[in-house]
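Heads up, the thing below is written out as structure tokens.
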Amino acid sequence: MPFIRKTGDVSPPAAQDARLILQALASPVSEDRWMAARAATELEDADLALSQALRTETDPRVREAMFTGLARIGTPVAVESLLSMLRSDSASLRTGALDALRMLRSLGAVASQLLRDADPDIRILSCELARSLPAAEASGLLCELLAGEQNVNVCAAAIEVLAEVGGPEALATLADCAGRFRSAAFLQFAISAVRDRINVKSASTRD
Amino acid sequence: MNNLKIILIVDDASLVRLYYRSILEPAGFRVMEALNGVEALEKLQSVTVDLLIVDINMPLMDGLTMLETLRQKELRIASTPALITSTESAEKDFAAARAAGANHYLVKPIDRDALVQFARMLCGEPL
Amino acid sequence: MTDAPPLSREEFQQLCDYLYRRTGMVFTETKRYYVERRVHERMSATASLTFPSYFARLRSNAHAELEHFINAFTVNETYFYREDHQLACLTNDLLVERTRSKKAGSSIRIWSVPCSTGEEPYSIALWLLENWPLVDDYEIEILGSDIDTQVLAHAQEGIFGKRALMRLSPHLVARYFSPYQEDQWKILDELRDSVRFSVVNLVERNDTRRQGRFDVIFCRNVLIYFDDASRRIAAENLYENLLPGGFICLGHTESMSRISPLFEVRRFSDAIVYQRPAGGGDHE
């Protein structure tokens, strides 16, 4: 048989001290930075170091590991760093930050706060965050947003998620939105599709 | 008909994909879908399309990263025309799209007629 | 169950949208019968009285409901030579690439995780012996890992029933197994001893790092069921477990597009697989 069977596990590298890990975040070798980013999740106080490293990191795979690290650490510093990157001019940083925020346990509070942000681009992204919440909570937050929303693209983002989480409680808000944006062709299309889904749902619950 | 032009819509919003499909199919296009940049690149391994309509903000891999990655691949798929769509409308956003290799950029929400016209133009079809 | 009302067009659309987004699987009207049947089976099993209440359950993934639902559409049963197009890809393409820069006699490491009751890692061994002309030219190490110690114990024993062997020709069974008890066969000791088994939790980096790095990893039908956070961590762990240029194969209905952007997609004639980029280090 050409198969060999090694008896032991590969011994993992000896645990490095925190200082070395944090130093390695600035290594010129991307593999070192990757390993450091992953090891940093287990360190206290790595949140600041990871946030700073992320801002200058150019390797997308290392960035991915850093985003994961920040989400797992989940301290206020880490979350704040993720939130600030939602506002980045770089699409890939925005995507990275949003994907990381999805992992947070405190998602409800974060989503709720972001849905009230003054920046419509932030409100758009946070509709997607709401999707990860339980349906009733998500629907409530999105209807609240929709009721006062003037930006057509924010409305579109909210309606997209309501297609999945919306129930009869959303019908009035949707009708009102359709009334406010009569000439917005896509919104009319989207609202109509979601109202059809919800209306059928409420019919079936009567059985 | 086998000579229909094929458009791959890359957008994480199901209603946007549905809306574009409802416009482009009657206009004579075949439509395929992907909901993030990773899926789009994967589908392009198996199928040649005539046009990509790519949104910018998507989970896992955004539209600009997807386009940059695409433009570095082998010629068959690297040269696929790409229409970038986005809610953003600042000059820096247009510049970023151009730098990523976009052929054109439309700001959402996209007008129905504009979508068809640009689709035809970028697919090399008569308007 | 036959009394359950059919899904409306909107309910079907909503369900398909959800499944597509979550798993990448596409269900169209042509599959309606199968989808509906599965919905009704699961509604019954979960005592969900209406589709909306079942959909809420599916969304929240209470008690792994997504996995239960999807099971009807994937090959979830384990048996020898399951999804053998991936085994064909292994010898036709993956090992060809991996050995391009390896000297004769050097090592090739293949990981099956989760390995369940062992059919997959033993299948790999069997397949290589039967289909790879260069099998004697390298030191091939096959590792099978699972989080469940019970299935691992089963795997170590190497005893299988008729169903597990159903895809193997009588010639293969005769060659590599000996009859054990009624309708059971035991894999040859030499093969049994060729595969090492270990307990591994894919989400636990200390577990995964201990296994070393691999040329090829088979990780089928597990990642797609993890929650967002676990999926990411597991994907990063698996990335670390690949040698540069190494390959990872997912389940037939799975896609990295729902899991992680770390890997590059490669399409071969037998299968679509994912690859850790070969680049030595720095692309800046």
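Residues in the structure tokens are named by chain (A, B, ... in the order shown) and by number from 1 within that chain; ligands are numbered from 1 in the order shown.
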Exercise for the section: Dump as a VMD selection string the residues of chain A that approach chain B to within 9 Å, counting only C-alpha atoms. Expected result: chain A and resid 89 to 92 94 to 96 98 to 99 121 125 152 to 153 156 to 157 159 to 161 163 184 to 187 189 to 190 193
Problem - Contact residues (chain C, partner chain A, 6 Å, only C-alpha atoms) as a PyMOL selection string - result: chain C and resi 10+136+140-141+194+210-212+229+281-282
Restricting the output to C-alpha atoms, write the selected residues as a PDB file, in the first residue's frame.
```
ATOM      1  CA  GLU C  10     -45.959  33.993  -3.929  1.00  0.00           C
ATOM      2  CA  ASP C 136       3.074   4.208  -5.864  1.00  0.00           C
ATOM      3  CA  ILE C 140       0.024   9.489   0.261  1.00  0.00           C
ATOM      4  CA  GLU C 141      -1.408  10.373   3.616  1.00  0.00           C
ATOM      5  CA  SER C 194      -3.753   3.436   5.819  1.00  0.00           C
ATOM      6  CA  ARG C 210      -3.061  20.300  14.522  1.00  0.00           C
ATOM      7  CA  GLN C 211      -3.902  18.382  11.353  1.00  0.00           C
ATOM      8  CA  GLY C 212      -1.265  20.143   9.265  1.00  0.00           C
ATOM      9  CA  ALA C 229     -20.037  33.400  12.102  1.00  0.00           C
ATOM     10  CA  GLY C 281       3.259  35.591  -0.321  1.00  0.00           C
ATOM     11  CA  ASP C 282       2.860  39.131  -1.306  1.00  0.00           C
TER      12      ASP C 282
END
```
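Minimum atom-to-atom distance to Glu42 of chain A, evaluated using only C-alpha atoms, belongs to C:Arg205 out of C:Leu191, C:Ser106, C:Arg205, C:Pro5.
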Practice task
Could you pull out the residues in chain B that DSSP calls alpha helix (DSSP H) from the backbone, as number ranges by chain?
Solution key: B: 14-24, 37-46, 63-71, 75-78, 91-100, 112-122
Output file for the residues above (C-alpha atoms, as a compact mmCIF listing (two decimals), in the first residue's frame):
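Writing done, so here's selection-v7.txt:
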```
# COMPACT_ATOMS: atom_id res chain seq x y z
CA SER B 14 -33.90 39.71 -5.42
CA LEU B 15 -36.48 42.33 -6.39
CA VAL B 16 -33.92 44.28 -8.42
CA ARG B 17 -32.97 41.13 -10.30
CA LEU B 18 -36.64 40.36 -10.85
CA TYR B 19 -37.29 43.90 -12.07
CA TYR B 20 -34.41 43.89 -14.55
CA ARG B 21 -35.48 40.48 -15.78
CA SER B 22 -39.02 41.74 -16.32
CA ILE B 23 -37.60 44.50 -18.52
CA LEU B 24 -34.79 42.70 -20.33
CA GLY B 37 -19.15 38.80 -6.92
CA VAL B 38 -18.01 35.31 -5.95
CA GLU B 39 -21.06 33.71 -7.53
CA ALA B 40 -20.68 35.82 -10.66
CA LEU B 41 -17.06 34.75 -11.15
CA GLU B 42 -18.08 31.17 -10.59
CA LYS B 43 -20.87 31.28 -13.16
CA LEU B 44 -18.55 32.90 -15.69
CA GLN B 45 -16.35 29.80 -15.51
CA SER B 46 -19.13 27.80 -17.12
CA GLY B 63 -18.92 44.60 -7.68
CA LEU B 64 -15.73 46.58 -8.18
CA THR B 65 -13.54 43.87 -6.68
CA MET B 66 -15.34 41.34 -8.86
CA LEU B 67 -14.72 43.42 -11.95
CA GLU B 68 -11.05 43.99 -11.13
CA THR B 69 -10.61 40.25 -10.62
CA LEU B 70 -12.44 39.53 -13.86
CA ARG B 71 -10.30 41.89 -15.90
CA LEU B 75 -9.22 36.95 -22.40
CA ARG B 76 -12.45 35.11 -23.11
CA ILE B 77 -14.12 36.35 -19.94
CA ALA B 78 -11.87 39.28 -19.06
CA GLU B 91 -17.37 61.67 -9.40
CA LYS B 92 -15.11 59.51 -7.23
CA ASP B 93 -17.55 56.63 -7.62
CA PHE B 94 -17.52 56.94 -11.41
CA ALA B 95 -13.73 57.12 -11.29
CA ALA B 96 -13.50 53.99 -9.14
CA ALA B 97 -15.76 52.12 -11.55
CA ARG B 98 -13.72 53.23 -14.53
CA ALA B 99 -10.53 52.16 -12.78
CA ALA B 100 -12.05 48.75 -12.07
CA ARG B 112 -36.46 51.21 -17.65
CA ASP B 113 -35.71 52.64 -21.10
CA ALA B 114 -32.15 53.51 -20.16
CA LEU B 115 -31.58 49.94 -19.00
CA VAL B 116 -32.72 48.52 -22.33
CA GLN B 117 -30.82 51.10 -24.38
CA PHE B 118 -27.55 50.56 -22.56
CA ALA B 119 -28.02 46.81 -22.60
CA ARG B 120 -28.47 46.89 -26.37
CA MET B 121 -25.55 49.25 -26.89
CA LEU B 122 -23.12 47.34 -24.67
```
Exercise for the section: With a distance cut-off of 9 Å and only C-alpha atoms, select the neighbouring residues of Ile9 of chain B, excluding the residue or stretch itself and same-chain residues fewer than 4 positions from it, and output the selection as a PyMOL selection string. Expected result: chain B and resi 17+20-21+31-35+40+51-55
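Distances to chain C were evaluated for B:Ser89, B:Thr48, B:Asn36, B:Thr80 using only C-alpha atoms, and the minimum falls at B:Asn36.
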Quick one: contact table of chain C to chain B, 10 Å max, nearest atom pair and distance in Å to one decimal per residue, counting only C-alpha atoms, chain and number order, as a tab-separated table?
```
residue	atom	partner	partner_atom	distance
C:Gln14	CA	B:Ser14	CA	9.9
C:Asp17	CA	B:Ser14	CA	7.0
C:Tyr18	CA	B:Ser14	CA	9.4
C:Tyr20	CA	B:Leu35	CA	9.1
C:Arg21	CA	B:Leu35	CA	7.5
C:Gly24	CA	B:Glu39	CA	8.6
C:Ser255	CA	B:Glu39	CA	7.9
C:Met256	CA	B:Val38	CA	7.4
C:Ser257	CA	B:Glu39	CA	4.9
C:Arg258	CA	B:Leu60	CA	8.1
C:Ile259	CA	B:Leu60	CA	8.1
C:Ser260	CA	B:Leu60	CA	6.5
C:Pro261	CA	B:Leu60	CA	5.7
C:Leu262	CA	B:Leu60	CA	9.2
C:Phe263	CA	B:Val38	CA	9.2
C:Glu264	CA	B:Val38	CA	8.6
C:Val265	CA	B:Glu42	CA	6.1
C:Arg266	CA	B:Gln45	CA	7.6
C:Arg267	CA	B:Gln45	CA	6.4
C:Phe268	CA	B:Gln45	CA	9.6
C:Ile272	CA	B:Glu42	CA	8.8
C:Tyr274	CA	B:Glu42	CA	9.9
```
Please produce an output containing C-alpha atoms for each residue in the selection, written as an mmCIF file, in the first residue's frame.
```cif
data_model
loop_
_atom_site.group_PDB
_atom_site.id
_atom_site.type_symbol
_atom_site.label_atom_id
_atom_site.label_comp_id
_atom_site.auth_asym_id
_atom_site.auth_seq_id
_atom_site.Cartn_x
_atom_site.Cartn_y
_atom_site.Cartn_z
ATOM 1 C CA GLN C 14 -40.543 33.630 -1.269
ATOM 2 C CA ASP C 17 -35.677 33.384 -2.969
ATOM 3 C CA TYR C 18 -34.708 32.455 0.563
ATOM 4 C CA TYR C 20 -31.241 30.702 -3.251
ATOM 5 C CA ARG C 21 -29.850 33.449 -1.061
ATOM 6 C CA GLY C 24 -27.189 29.063 -3.746
ATOM 7 C CA SER C 255 -20.810 26.934 -3.422
ATOM 8 C CA MET C 256 -18.152 29.114 -1.865
ATOM 9 C CA SER C 257 -20.284 32.067 -2.966
ATOM 10 C CA ARG C 258 -22.380 31.456 0.136
ATOM 11 C CA ILE C 259 -19.412 30.767 2.384
ATOM 12 C CA SER C 260 -16.235 32.756 1.810
ATOM 13 C CA PRO C 261 -14.360 34.952 -0.691
ATOM 14 C CA LEU C 262 -10.977 33.498 0.263
ATOM 15 C CA PHE C 263 -10.801 30.825 -2.415
ATOM 16 C CA GLU C 264 -10.553 30.965 -6.186
ATOM 17 C CA VAL C 265 -12.910 28.891 -8.254
ATOM 18 C CA ARG C 266 -11.527 26.339 -10.714
ATOM 19 C CA ARG C 267 -13.648 24.529 -13.193
ATOM 20 C CA PHE C 268 -12.515 21.120 -14.389
ATOM 21 C CA ILE C 272 -15.965 22.673 -9.835
ATOM 22 C CA TYR C 274 -11.913 25.791 -5.006
#
```
Handout entry: Exercise: Glu41 of chain C partners within 10 Å, only C-alpha atoms, chain neighbours under 4 positions left out, as a PyMOL selection string
Key = chain C and resi 1-2+4+35-37+45-47+69
Using only C-alpha atoms, please write the residues we just selected to a file, as a tab-separated table (two decimals), in the first residue's frame.
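This went into part_27.tsv:
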```tsv
chain	number	residue	atom	x	y	z
C	1	MET	CA	-50.00	15.51	4.64
C	2	THR	CA	-51.98	15.13	1.44
C	4	ALA	CA	-51.99	20.34	3.11
C	35	VAL	CA	-40.26	21.49	-3.11
C	36	GLU	CA	-43.91	21.41	-2.11
C	37	ARG	CA	-43.68	17.82	-1.02
C	45	ALA	CA	-42.59	16.96	11.20
C	46	THR	CA	-42.39	20.33	12.93
C	47	ALA	CA	-46.12	20.63	13.61
C	69	PHE	CA	-35.21	20.75	4.58
```
Exercise for the section: Write down as a ChimeraX atom specification the residues belonging to chain B that are assigned strand (DSSP E or B) by DSSP computed on the backbone. Expected result: /B:6-10,30-34,51-55,82-86,104-107
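Note that the spacing between atom CA of Gly158 of chain C and atom CA of Leu128 of chain C amounts to 17.9 Å.
Distance check against Glu11 of chain C using only C-alpha atoms: of C:Arg100, C:Lys162, C:Arg231, C:Arg32, the minimum falls on C:Arg32.
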Exercise for the section: Name the residues in contact with segment 111-116 of chain A at a cut-off of 6 Å, using only C-alpha atoms, excluding same-chain residues fewer than 4 positions from it; report them as an NGL selection string. Expected result: :A and (107 or 123 or 126 or 130)
For the residues in the current selection, export N, CA and C atoms as a compact mmCIF listing (two decimals), in the first residue's frame.
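What ended up in part_27.txt:
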```
# COMPACT_ATOMS: atom_id res chain seq x y z
N LEU A 107 -26.41 42.53 17.36
CA LEU A 107 -26.82 43.03 16.05
C LEU A 107 -28.05 43.93 16.12
N ARG A 123 -28.04 53.93 5.90
CA ARG A 123 -29.38 53.36 6.11
C ARG A 123 -29.61 52.21 5.12
N SER A 126 -27.74 49.17 6.36
CA SER A 126 -28.28 48.60 7.60
C SER A 126 -29.60 47.87 7.40
N ALA A 130 -30.60 44.22 9.17
CA ALA A 130 -31.87 43.88 9.81
C ALA A 130 -32.35 42.50 9.39
```
